[in-house]
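Novice: Below is the file protein-v3.pdb, which contains PDB, C-alpha atoms.
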```
ATOM      1  CA  PHE A   1     107.095 112.280 103.839  1.00  0.00           C
ATOM      2  CA  ASN A   2     105.590 110.320 100.917  1.00  0.00           C
ATOM      3  CA  TRP A   3     106.341 107.006 102.594  1.00  0.00           C
ATOM      4  CA  TYR A   4     104.667 108.134 105.826  1.00  0.00           C
ATOM      5  CA  TYR A   5     101.286 109.033 104.406  1.00  0.00           C
ATOM      6  CA  ASN A   6     101.248 106.315 101.728  1.00  0.00           C
ATOM      7  CA  THR A   7     101.974 103.437 104.121  1.00  0.00           C
ATOM      8  CA  ASN A   8      99.190 104.735 106.361  1.00  0.00           C
ATOM      9  CA  LEU A   9      96.790 104.799 103.403  1.00  0.00           C
ATOM     10  CA  ALA A  10      97.772 101.214 102.532  1.00  0.00           C
ATOM     11  CA  PHE A  11      96.669 100.203 106.035  1.00  0.00           C
ATOM     12  CA  GLY A  12      93.300 101.929 105.557  1.00  0.00           C
ATOM     13  CA  CYS A  13      93.892 105.289 107.263  1.00  0.00           C
ATOM     14  CA  GLN A  14      91.041 107.678 106.472  1.00  0.00           C
ATOM     15  CA  GLY A  15      92.354 110.939 107.900  1.00  0.00           C
ATOM     16  CA  PHE A  16      95.576 112.861 108.538  1.00  0.00           C
ATOM     17  CA  ILE A  17      96.769 115.611 110.797  1.00  0.00           C
ATOM     18  CA  TYR A  18      99.892 117.314 109.541  1.00  0.00           C
ATOM     19  CA  TYR A  19     101.784 118.314 112.664  1.00  0.00           C
ATOM     20  CA  GLY A  20     103.219 121.758 112.634  1.00  0.00           C
ATOM     21  CA  CYS A  21     101.277 124.071 110.379  1.00  0.00           C
ATOM     22  CA  PHE A  22     103.250 127.067 111.689  1.00  0.00           C
ATOM     23  CA  PHE A  23     106.803 127.482 112.949  1.00  0.00           C
ATOM     24  CA  GLU A  24     106.930 127.717 116.734  1.00  0.00           C
ATOM     25  CA  LEU A  25     109.849 129.377 118.456  1.00  0.00           C
ATOM     26  CA  LYS A  26     109.673 126.902 121.329  1.00  0.00           C
ATOM     27  CA  ASN A  27     110.307 124.091 118.802  1.00  0.00           C
ATOM     28  CA  GLY A  28     113.325 125.832 117.317  1.00  0.00           C
ATOM     29  CA  THR A  29     116.972 124.875 117.468  1.00  0.00           C
ATOM     30  CA  ALA A  30     118.821 124.796 120.827  1.00  0.00           C
ATOM     31  CA  VAL A  31     119.438 128.064 122.668  1.00  0.00           C
ATOM     32  CA  GLY A  32     122.602 129.812 121.591  1.00  0.00           C
ATOM     33  CA  THR A  33     122.365 128.783 117.935  1.00  0.00           C
ATOM     34  CA  ASP A  34     120.618 130.302 114.950  1.00  0.00           C
ATOM     35  CA  TRP A  35     116.932 129.494 114.556  1.00  0.00           C
ATOM     36  CA  ASP A  36     116.043 127.330 111.582  1.00  0.00           C
ATOM     37  CA  HIS A  37     113.133 129.299 110.158  1.00  0.00           C
ATOM     38  CA  TYR A  38     112.366 126.628 107.536  1.00  0.00           C
ATOM     39  CA  GLU A  39     112.657 123.357 109.440  1.00  0.00           C
ATOM     40  CA  LYS A  40     109.412 123.328 111.412  1.00  0.00           C
ATOM     41  CA  GLY A  41     105.890 123.633 110.029  1.00  0.00           C
ATOM     42  CA  MET A  42     104.393 124.276 106.611  1.00  0.00           C
ATOM     43  CA  PHE A  43     104.738 128.016 107.187  1.00  0.00           C
ATOM     44  CA  GLY A  44     107.917 129.520 108.586  1.00  0.00           C
ATOM     45  CA  GLU A  45     108.324 132.114 111.314  1.00  0.00           C
ATOM     46  CA  PHE A  46     107.737 134.915 108.816  1.00  0.00           C
ATOM     47  CA  GLY A  47     104.724 133.332 107.088  1.00  0.00           C
ATOM     48  CA  ASN A  48     106.815 131.917 104.241  1.00  0.00           C
ATOM     49  CA  LYS A  49     105.906 128.572 102.649  1.00  0.00           C
ATOM     50  CA  THR A  50     108.440 125.905 103.642  1.00  0.00           C
ATOM     51  CA  GLN A  51     109.367 122.682 101.842  1.00  0.00           C
ATOM     52  CA  TRP A  52     106.726 120.914 103.946  1.00  0.00           C
ATOM     53  CA  TYR A  53     103.985 123.093 102.456  1.00  0.00           C
ATOM     54  CA  TYR A  54     104.784 121.789  98.973  1.00  0.00           C
ATOM     55  CA  TYR A  55     104.968 118.169 100.161  1.00  0.00           C
ATOM     56  CA  VAL A  56     101.527 118.505 101.767  1.00  0.00           C
ATOM     57  CA  GLU A  57     100.123 120.250  98.678  1.00  0.00           C
ATOM     58  CA  LYS A  58     101.315 117.378  96.466  1.00  0.00           C
ATOM     59  CA  ALA A  59     100.025 114.746  98.916  1.00  0.00           C
ATOM     60  CA  ASN A  60      96.611 116.397  99.169  1.00  0.00           C
ATOM     61  CA  LYS A  61      96.221 116.464  95.377  1.00  0.00           C
ATOM     62  CA  HIS A  62      96.835 112.737  95.216  1.00  0.00           C
ATOM     63  CA  ILE A  63      94.634 111.983  98.226  1.00  0.00           C
ATOM     64  CA  ALA A  64      91.781 114.001  96.704  1.00  0.00           C
ATOM     65  CA  ALA A  65      92.034 111.878  93.541  1.00  0.00           C
ATOM     66  CA  ILE A  66      91.809 108.571  95.443  1.00  0.00           C
ATOM     67  CA  ASP A  67      89.565 109.423  98.394  1.00  0.00           C
ATOM     68  CA  GLU A  68      86.295 108.417  96.698  1.00  0.00           C
ATOM     69  CA  VAL A  69      87.619 104.866  96.437  1.00  0.00           C
ATOM     70  CA  LEU A  70      89.384 104.546  99.785  1.00  0.00           C
ATOM     71  CA  MET A  71      86.593 106.210 101.785  1.00  0.00           C
ATOM     72  CA  ASN A  72      84.119 103.690 100.337  1.00  0.00           C
ATOM     73  CA  SER A  73      86.352 100.659 100.851  1.00  0.00           C
ATOM     74  CA  VAL A  74      87.082  98.131 103.546  1.00  0.00           C
ATOM     75  CA  ASN A  75      90.751  97.342 104.094  1.00  0.00           C
ATOM     76  CA  LYS A  76      91.344  93.583 104.144  1.00  0.00           C
ATOM     77  CA  GLY A  77      95.049  93.756 105.021  1.00  0.00           C
ATOM     78  CA  VAL A  78      98.398  94.398 103.380  1.00  0.00           C
ATOM     79  CA  LEU A  79     100.746  92.292 101.278  1.00  0.00           C
ATOM     80  CA  LEU A  80     104.516  92.724 101.623  1.00  0.00           C
ATOM     81  CA  SER A  81     107.024  92.135  98.844  1.00  0.00           C
ATOM     82  CA  GLY A  82     110.802  92.255  99.045  1.00  0.00           C
ATOM     83  CA  THR A  83     113.324  92.080 101.864  1.00  0.00           C
ATOM     84  CA  THR A  84     113.525  95.720 103.024  1.00  0.00           C
ATOM     85  CA  MET A  85     110.750  95.345 105.573  1.00  0.00           C
ATOM     86  CA  GLU A  86     111.835  92.040 107.108  1.00  0.00           C
ATOM     87  CA  GLY A  87     111.154  92.221 110.832  1.00  0.00           C
ATOM     88  CA  HIS A  88     109.095  95.428 110.572  1.00  0.00           C
ATOM     89  CA  PHE A  89     105.750  93.630 110.780  1.00  0.00           C
ATOM     90  CA  ASP A  90     106.470  90.448 112.753  1.00  0.00           C
ATOM     91  CA  LYS A  91     103.687  91.091 115.265  1.00  0.00           C
ATOM     92  CA  VAL A  92     101.206  92.806 112.950  1.00  0.00           C
ATOM     93  CA  GLU A  93      98.149  90.643 112.368  1.00  0.00           C
ATOM     94  CA  TYR A  94      96.968  92.842 109.498  1.00  0.00           C
ATOM     95  CA  VAL A  95      99.646  91.456 107.149  1.00  0.00           C
ATOM     96  CA  LEU A  96      98.298  88.892 104.686  1.00  0.00           C
ATOM     97  CA  GLU A  97     100.357  85.808 103.902  1.00  0.00           C
ATOM     98  CA  GLY A  98     102.184  85.651 100.583  1.00  0.00           C
ATOM     99  CA  THR A  99     101.953  88.123  97.702  1.00  0.00           C
ATOM    100  CA  SER A 100      98.553  87.181  96.296  1.00  0.00           C
ATOM    101  CA  TRP A 101      94.983  88.376  96.965  1.00  0.00           C
ATOM    102  CA  ARG A 102      91.877  87.964  94.782  1.00  0.00           C
ATOM    103  CA  GLU A 103      92.870  88.901  91.195  1.00  0.00           C
ATOM    104  CA  LEU A 104      96.470  89.722  92.184  1.00  0.00           C
ATOM    105  CA  LYS A 105      98.780  86.752  91.624  1.00  0.00           C
ATOM    106  CA  ASP A 106     102.227  88.115  92.559  1.00  0.00           C
ATOM    107  CA  ILE A 107     104.232  91.269  93.318  1.00  0.00           C
ATOM    108  CA  ASN A 108     107.837  92.058  92.364  1.00  0.00           C
ATOM    109  CA  GLY A 109     109.660  94.951  94.035  1.00  0.00           C
ATOM    110  CA  GLU A 110     110.153  96.368  97.526  1.00  0.00           C
ATOM    111  CA  SER A 111     106.533  97.246  98.202  1.00  0.00           C
ATOM    112  CA  MET A 112     103.574  97.250 100.532  1.00  0.00           C
ATOM    113  CA  VAL A 113     100.176  96.687  98.913  1.00  0.00           C
ATOM    114  CA  GLY A 114      96.966  97.554 100.731  1.00  0.00           C
ATOM    115  CA  CYS A 115      94.112  95.253  99.678  1.00  0.00           C
ATOM    116  CA  PHE A 116      90.621  96.745  99.684  1.00  0.00           C
ATOM    117  CA  ASN A 117      87.062  95.673  98.981  1.00  0.00           C
ATOM    118  CA  TYR A 118      85.642  98.660  97.097  1.00  0.00           C
ATOM    119  CA  LEU A 119      81.890  98.162  96.762  1.00  0.00           C
ATOM    120  CA  GLY A 120      82.485  94.512  95.785  1.00  0.00           C
ATOM    121  CA  LYS A 121      85.463  95.285  93.529  1.00  0.00           C
ATOM    122  CA  SER A 122      89.123  94.798  94.376  1.00  0.00           C
ATOM    123  CA  ALA A 123      91.312  97.838  94.894  1.00  0.00           C
ATOM    124  CA  PHE A 124      95.037  97.812  95.594  1.00  0.00           C
ATOM    125  CA  TYR A 125      97.094 100.635  97.081  1.00  0.00           C
ATOM    126  CA  VAL A 126     100.693  99.983  96.035  1.00  0.00           C
ATOM    127  CA  VAL A 127     103.464 101.755  97.964  1.00  0.00           C
ATOM    128  CA  ASN A 128     107.132 101.892  96.997  1.00  0.00           C
ATOM    129  CA  TYR A 129     108.586 100.874 100.366  1.00  0.00           C
ATOM    130  CA  ASP A 130     111.969 102.419  99.551  1.00  0.00           C
ATOM    131  CA  THR A 131     112.231 105.870 101.145  1.00  0.00           C
ATOM    132  CA  GLU A 132     115.223 106.989  99.080  1.00  0.00           C
ATOM    133  CA  TYR A 133     114.993 105.556  95.578  1.00  0.00           C
ATOM    134  CA  ALA A 134     112.529 105.199  92.730  1.00  0.00           C
ATOM    135  CA  GLN A 135     111.870 101.698  91.459  1.00  0.00           C
ATOM    136  CA  ASN A 136     109.680  99.638  89.188  1.00  0.00           C
ATOM    137  CA  ILE A 137     107.077  97.503  90.931  1.00  0.00           C
ATOM    138  CA  THR A 138     105.379  94.803  88.872  1.00  0.00           C
ATOM    139  CA  LEU A 139     101.983  93.324  89.661  1.00  0.00           C
ATOM    140  CA  ASP A 140     101.061  90.044  87.984  1.00  0.00           C
ATOM    141  CA  PHE A 141      97.361  89.181  87.763  1.00  0.00           C
ATOM    142  CA  TYR A 142      95.613  85.870  87.101  1.00  0.00           C
ATOM    143  CA  ASP A 143      93.927  87.217  83.945  1.00  0.00           C
ATOM    144  CA  ASN A 144      93.518  90.387  81.872  1.00  0.00           C
ATOM    145  CA  TYR A 145      91.507  92.991  83.778  1.00  0.00           C
ATOM    146  CA  ASP A 146      90.275  96.490  83.037  1.00  0.00           C
ATOM    147  CA  MET A 147      91.987  98.674  85.647  1.00  0.00           C
ATOM    148  CA  ARG A 148      91.751 102.263  86.765  1.00  0.00           C
ATOM    149  CA  VAL A 149      95.198 103.491  87.844  1.00  0.00           C
ATOM    150  CA  ILE A 150      95.565 106.706  89.857  1.00  0.00           C
ATOM    151  CA  GLN A 151      99.121 107.991  90.194  1.00  0.00           C
ATOM    152  CA  LYS A 152     100.202 111.504  91.237  1.00  0.00           C
ATOM    153  CA  GLY A 153      96.561 112.605  91.177  1.00  0.00           C
ATOM    154  CA  GLU A 154      96.088 111.560  87.538  1.00  0.00           C
ATOM    155  CA  THR A 155      93.794 108.746  86.346  1.00  0.00           C
ATOM    156  CA  SER A 156      94.518 106.355  83.479  1.00  0.00           C
ATOM    157  CA  TYR A 157      92.916 103.102  82.319  1.00  0.00           C
ATOM    158  CA  VAL A 158      94.659  99.894  81.276  1.00  0.00           C
ATOM    159  CA  ASP A 159      93.650  96.372  80.293  1.00  0.00           C
ATOM    160  CA  THR A 160      96.415  93.943  81.215  1.00  0.00           C
ATOM    161  CA  ASP A 161      97.493  90.884  83.182  1.00  0.00           C
ATOM    162  CA  CYS A 162     100.866  92.420  84.147  1.00  0.00           C
ATOM    163  CA  LEU A 163     101.231  96.017  85.309  1.00  0.00           C
ATOM    164  CA  THR A 164     104.620  97.655  85.896  1.00  0.00           C
ATOM    165  CA  LEU A 165     104.547 100.893  87.876  1.00  0.00           C
ATOM    166  CA  THR A 166     107.465 103.331  87.875  1.00  0.00           C
ATOM    167  CA  MET A 167     107.260 104.834  91.340  1.00  0.00           C
ATOM    168  CA  GLY A 168     109.197 107.511  93.185  1.00  0.00           C
ATOM    169  CA  ALA A 169     110.560 106.951  96.689  1.00  0.00           C
ATOM    170  CA  GLY A 170     107.660 106.297  99.080  1.00  0.00           C
ATOM    171  CA  GLU A 171     105.084 106.940  96.355  1.00  0.00           C
ATOM    172  CA  GLY A 172     101.641 105.329  96.377  1.00  0.00           C
ATOM    173  CA  VAL A 173      99.454 104.287  93.429  1.00  0.00           C
ATOM    174  CA  LEU A 174      95.815 103.169  93.567  1.00  0.00           C
ATOM    175  CA  ILE A 175      94.576 100.412  91.255  1.00  0.00           C
ATOM    176  CA  VAL A 176      90.889  99.509  90.968  1.00  0.00           C
ATOM    177  CA  ILE A 177      89.829  96.351  89.125  1.00  0.00           C
ATOM    178  CA  GLU A 178      86.887  97.554  87.032  1.00  0.00           C
ATOM    179  CA  ASN A 179      85.628  94.220  85.639  1.00  0.00           C
TER
END
```
Could you quickly redo this structure as structure tokens?
Specialist:
Amino acid sequence: FNWYYNTNLAFGCQGFIYYGCFFELKNGTAVGTDWDHYEKGMFGEFGNKTQWYYYVEKANKHIAAIDEVLMNSVNKGVLLSGTTMEGHFDKVEYVLEGTSWRELKDINGESMVGCFNYLGKSAFYVVNYDTEYAQNITLDFYDNYDMRVIQKGETSYVDTDCLTLTMGAGEGVLIVIEN
């Protein structure tokens, strides 16, 4: 779930529709078996909150923290780092060559990085491309920069030329170069 919405944000998506707000009997398990009252939708057949409700709640908190930047940005493409996604984007013109863009010199880790022009500043949306495991993703910059980092809906500020992010499976982190 995290990977789905974060990779879309890296490509510049500015809106989501979460399919299946409510459980529908017609979408249930095959006839003759027990219905799975928790599998479909954010709310189950009996109005109960399902696992999907909590995933969406967490996603929306993070999206609300980053939307001011992404909604006022122009996506310039994505950078890919690592071997996991080899062949996934062979015909996608939106992929930038290499692992460098503006202030960003290099990326280490299995990641997709959306590159944005945010009112003349650079912004990067880093996504852990691994859907199962957490990992550290390191971004090397050409110089020390003041950066705003938004992760899990929380904002912090750093001044560095090398930023290592500890990211959960499919997680996304927004970085804005402030100077």
Novice: Need the shell around Thr166 in chain A: protein/DNA/RNA residues with any atom at most 8 Å away, counting all atoms listed in the file. Skip same-chain ones fewer than 6 positions apart. Format as a list in words?
Specialist: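 Counting only the stated atoms, we get Ala134, Gln135, Asn136 and Ile137 of chain A.
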Novice: Mind telling me what the PyMOL selection byres ((chain A and resi 7-20) around 8) catches here, as a count of residues only?
Specialist: 24
Novice: Choose the residue, out of A:Val69, A:Val56, A:Leu174, A:Leu96, that has the smallest atom-to-atom separation from Phe43 in chain A; count only C-alpha atoms.
Specialist: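 Selected residue with least distance to Phe43 in chain A: A:Val56.
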Novice: When distances are computed from only C-alpha atoms, which of A:Tyr157, A:Phe1, A:Tyr133, A:Trp101 shows the smallest separation from Glu57 in chain A?
Specialist: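 Closest candidate: A:Phe1.
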Novice: Between CA of Val149 in chain A and CA of Leu104 in chain A, what is the distance in Å, rounded to a tenth?
Specialist: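 If I compute the distance from CA of Val149 in chain A to CA of Leu104 in chain A, I get 14.5 Å.
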Novice: With 6 Å on each side, where is the centre of the axis-aligned box around all listed atoms of range 58-70 of chain A, and how long are its edges in Å to one decimal, as AutoDock Vina command-line options?
Specialist:
```
--center_x 93.8 --center_y 111.0 --center_z 96.7 --size_x 27.0 --size_y 24.8 --size_z 18.2
```
Novice: Between A:Ser100, A:Thr131, A:Gln151, A:Asn72, which one has atoms that come closest to Leu119 in chain A, using only C-alpha atoms?
Specialist: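 Smallest separation from Leu119 in chain A among the options: A:Asn72.
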Novice: So the first atom is CA of His62 in chain A and the second is CA of Arg148 in chain A; what is the distance between them in Å, to one decimal place?
Specialist: 14.4 Å
Novice: Pick out the closest residue to Lys76 in chain A from this set: A:Asp143, A:Asp130, A:Asp90, A:Glu97. Count all atoms listed in the file.
Specialist: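 Answer, going by the shortest atom-to-atom distance: A:Glu97.
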Novice: So, with all atoms listed in the file as the atoms that count, which of A:Ser81, A:Asn2, A:Asn117, A:Ser111 lies closest to Ile63 in chain A?
Specialist: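 Ranking A:Ser81, A:Asn2, A:Asn117, A:Ser111 by distance to Ile63 in chain A, first place goes to A:Asn2.
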Novice: To one decimal place, how far is CA of Gln51 in chain A from CA of His88 in chain A in Å?
Specialist: 28.6 Å
Novice: On this file, the PyMOL selection byres ((chain A and resi 154) around 10) gives some set of residues; write that set as a short mmCIF file (atom, residue, chain, number, x, y, z; two decimals) with C-alpha atoms, in the frame of the given file.
Specialist:
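Contents of the output file part.cif:
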```
data_model
loop_
_atom_site.label_atom_id
_atom_site.label_comp_id
_atom_site.auth_asym_id
_atom_site.auth_seq_id
_atom_site.Cartn_x
_atom_site.Cartn_y
_atom_site.Cartn_z
CA LYS A 61 96.22 116.46 95.38
CA HIS A 62 96.84 112.74 95.22
CA ALA A 65 92.03 111.88 93.54
CA ILE A 66 91.81 108.57 95.44
CA VAL A 149 95.20 103.49 87.84
CA ILE A 150 95.56 106.71 89.86
CA GLN A 151 99.12 107.99 90.19
CA LYS A 152 100.20 111.50 91.24
CA GLY A 153 96.56 112.60 91.18
CA THR A 155 93.79 108.75 86.35
CA SER A 156 94.52 106.36 83.48
CA VAL A 173 99.45 104.29 93.43
#
```
Novice: Given only C-alpha atoms as the basis, pick out the residue of A:Leu79, A:Ala123, A:Val158, A:Met167 nearest to Tyr145 in chain A.
Specialist: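 Answer, going by the shortest atom-to-atom distance: A:Val158.
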Novice: Find the residues around Thr83 in chain A up to 10 Å (only C-alpha atoms counted), leave out those fewer than 4 positions away in its own chain, and share them as a VMD selection string.
Specialist: chain A and resid 87 109 to 111
Novice: Any idea what's packed within 8 Å of Ser122 in chain A, counting all atoms listed in the file, ignoring anything in its chain fewer than 5 positions away? Could you give it as a tab-separated table (two decimals) with C-alpha atoms, in the coordinates of the input?
Specialist:
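The result, written out as around39.tsv:
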```tsv
chain	number	residue	atom	x	y	z
A	102	ARG	CA	91.88	87.96	94.78
A	103	GLU	CA	92.87	88.90	91.20
A	115	CYS	CA	94.11	95.25	99.68
A	116	PHE	CA	90.62	96.74	99.68
A	117	ASN	CA	87.06	95.67	98.98
A	176	VAL	CA	90.89	99.51	90.97
A	177	ILE	CA	89.83	96.35	89.12
```
Novice: Complete range 78-101 of chain A at the level of N, CA, C and O atoms, written as a PDB file, in the frame of the given file.
Specialist:
```
ATOM      1  N   VAL A  78      97.331  93.985 104.289  1.00  0.00           N
ATOM      2  CA  VAL A  78      98.398  94.398 103.380  1.00  0.00           C
ATOM      3  C   VAL A  78      99.247  93.200 102.990  1.00  0.00           C
ATOM      4  O   VAL A  78      99.398  92.247 103.756  1.00  0.00           O
ATOM      5  N   LEU A  79      99.774  93.268 101.775  1.00  0.00           N
ATOM      6  CA  LEU A  79     100.746  92.292 101.278  1.00  0.00           C
ATOM      7  C   LEU A  79     102.116  92.959 101.288  1.00  0.00           C
ATOM      8  O   LEU A  79     102.227  94.159 101.004  1.00  0.00           O
ATOM      9  N   LEU A  80     103.152  92.201 101.596  1.00  0.00           N
ATOM     10  CA  LEU A  80     104.516  92.724 101.623  1.00  0.00           C
ATOM     11  C   LEU A  80     105.357  91.979 100.607  1.00  0.00           C
ATOM     12  O   LEU A  80     105.281  90.760 100.508  1.00  0.00           O
ATOM     13  N   SER A  81     106.162  92.733  99.856  1.00  0.00           N
ATOM     14  CA  SER A  81     107.024  92.135  98.844  1.00  0.00           C
ATOM     15  C   SER A  81     108.432  92.692  98.998  1.00  0.00           C
ATOM     16  O   SER A  81     108.609  93.896  99.160  1.00  0.00           O
ATOM     17  N   GLY A  82     109.415  91.823  98.940  1.00  0.00           N
ATOM     18  CA  GLY A  82     110.802  92.255  99.045  1.00  0.00           C
ATOM     19  C   GLY A  82     111.380  91.964 100.415  1.00  0.00           C
ATOM     20  O   GLY A  82     110.726  91.389 101.286  1.00  0.00           O
ATOM     21  N   THR A  83     112.622  92.380 100.616  1.00  0.00           N
ATOM     22  CA  THR A  83     113.324  92.080 101.864  1.00  0.00           C
ATOM     23  C   THR A  83     113.526  93.291 102.766  1.00  0.00           C
ATOM     24  O   THR A  83     113.903  93.138 103.919  1.00  0.00           O
ATOM     25  N   THR A  84     113.281  94.492 102.262  1.00  0.00           N
ATOM     26  CA  THR A  84     113.525  95.720 103.024  1.00  0.00           C
ATOM     27  C   THR A  84     112.790  95.744 104.351  1.00  0.00           C
ATOM     28  O   THR A  84     113.301  96.223 105.347  1.00  0.00           O
ATOM     29  N   MET A  85     111.584  95.216 104.375  1.00  0.00           N
ATOM     30  CA  MET A  85     110.750  95.345 105.573  1.00  0.00           C
ATOM     31  C   MET A  85     110.787  94.134 106.489  1.00  0.00           C
ATOM     32  O   MET A  85     109.994  94.043 107.409  1.00  0.00           O
ATOM     33  N   GLU A  86     111.730  93.224 106.252  1.00  0.00           N
ATOM     34  CA  GLU A  86     111.835  92.040 107.108  1.00  0.00           C
ATOM     35  C   GLU A  86     111.976  92.470 108.564  1.00  0.00           C
ATOM     36  O   GLU A  86     112.808  93.296 108.901  1.00  0.00           O
ATOM     37  N   GLY A  87     111.137  91.905 109.413  1.00  0.00           N
ATOM     38  CA  GLY A  87     111.154  92.221 110.832  1.00  0.00           C
ATOM     39  C   GLY A  87     110.303  93.418 111.219  1.00  0.00           C
ATOM     40  O   GLY A  87     110.013  93.615 112.385  1.00  0.00           O
ATOM     41  N   HIS A  88     109.897  94.244 110.255  1.00  0.00           N
ATOM     42  CA  HIS A  88     109.095  95.428 110.572  1.00  0.00           C
ATOM     43  C   HIS A  88     107.679  95.071 111.013  1.00  0.00           C
ATOM     44  O   HIS A  88     107.056  95.838 111.734  1.00  0.00           O
ATOM     45  N   PHE A  89     107.161  93.949 110.552  1.00  0.00           N
ATOM     46  CA  PHE A  89     105.750  93.630 110.780  1.00  0.00           C
ATOM     47  C   PHE A  89     105.554  92.256 111.423  1.00  0.00           C
ATOM     48  O   PHE A  89     104.501  91.653 111.272  1.00  0.00           O
ATOM     49  N   ASP A  90     106.541  91.787 112.157  1.00  0.00           N
ATOM     50  CA  ASP A  90     106.470  90.448 112.753  1.00  0.00           C
ATOM     51  C   ASP A  90     105.245  90.236 113.633  1.00  0.00           C
ATOM     52  O   ASP A  90     104.672  89.160 113.664  1.00  0.00           O
ATOM     53  N   LYS A  91     104.810  91.237 114.336  1.00  0.00           N
ATOM     54  CA  LYS A  91     103.687  91.091 115.265  1.00  0.00           C
ATOM     55  C   LYS A  91     102.414  91.776 114.776  1.00  0.00           C
ATOM     56  O   LYS A  91     101.483  91.974 115.547  1.00  0.00           O
ATOM     57  N   VAL A  92     102.371  92.133 113.506  1.00  0.00           N
ATOM     58  CA  VAL A  92     101.206  92.806 112.950  1.00  0.00           C
ATOM     59  C   VAL A  92     100.291  91.767 112.315  1.00  0.00           C
ATOM     60  O   VAL A  92     100.661  91.097 111.361  1.00  0.00           O
ATOM     61  N   GLU A  93      99.105  91.637 112.864  1.00  0.00           N
ATOM     62  CA  GLU A  93      98.149  90.643 112.368  1.00  0.00           C
ATOM     63  C   GLU A  93      97.504  91.054 111.047  1.00  0.00           C
ATOM     64  O   GLU A  93      96.911  90.233 110.371  1.00  0.00           O
ATOM     65  N   TYR A  94      97.613  92.301 110.685  1.00  0.00           N
ATOM     66  CA  TYR A  94      96.968  92.842 109.498  1.00  0.00           C
ATOM     67  C   TYR A  94      97.694  92.483 108.206  1.00  0.00           C
ATOM     68  O   TYR A  94      97.247  92.794 107.124  1.00  0.00           O
ATOM     69  N   VAL A  95      98.861  91.834 108.323  1.00  0.00           N
ATOM     70  CA  VAL A  95      99.646  91.456 107.149  1.00  0.00           C
ATOM     71  C   VAL A  95      99.125  90.122 106.617  1.00  0.00           C
ATOM     72  O   VAL A  95      99.020  89.138 107.348  1.00  0.00           O
ATOM     73  N   LEU A  96      98.780  90.111 105.332  1.00  0.00           N
ATOM     74  CA  LEU A  96      98.298  88.892 104.686  1.00  0.00           C
ATOM     75  C   LEU A  96      99.485  88.017 104.295  1.00  0.00           C
ATOM     76  O   LEU A  96     100.565  88.523 103.995  1.00  0.00           O
ATOM     77  N   GLU A  97      99.282  86.730 104.275  1.00  0.00           N
ATOM     78  CA  GLU A  97     100.357  85.808 103.902  1.00  0.00           C
ATOM     79  C   GLU A  97     100.583  85.828 102.397  1.00  0.00           C
ATOM     80  O   GLU A  97      99.637  85.907 101.618  1.00  0.00           O
ATOM     81  N   GLY A  98     101.845  85.741 102.000  1.00  0.00           N
ATOM     82  CA  GLY A  98     102.184  85.651 100.583  1.00  0.00           C
ATOM     83  C   GLY A  98     102.106  86.994  99.868  1.00  0.00           C
ATOM     84  O   GLY A  98     102.123  88.056 100.479  1.00  0.00           O
ATOM     85  N   THR A  99     102.020  86.914  98.539  1.00  0.00           N
ATOM     86  CA  THR A  99     101.953  88.123  97.702  1.00  0.00           C
ATOM     87  C   THR A  99     100.778  88.034  96.732  1.00  0.00           C
ATOM     88  O   THR A  99     100.846  88.538  95.609  1.00  0.00           O
ATOM     89  N   SER A 100      99.713  87.385  97.157  1.00  0.00           N
ATOM     90  CA  SER A 100      98.553  87.181  96.296  1.00  0.00           C
ATOM     91  C   SER A 100      97.267  87.490  97.069  1.00  0.00           C
ATOM     92  O   SER A 100      97.162  87.149  98.253  1.00  0.00           O
ATOM     93  N   TRP A 101      96.301  88.127  96.380  1.00  0.00           N
ATOM     94  CA  TRP A 101      94.983  88.376  96.965  1.00  0.00           C
ATOM     95  C   TRP A 101      93.988  88.624  95.826  1.00  0.00           C
ATOM     96  O   TRP A 101      94.239  89.457  94.955  1.00  0.00           O
TER      97      TRP A 101
END
```
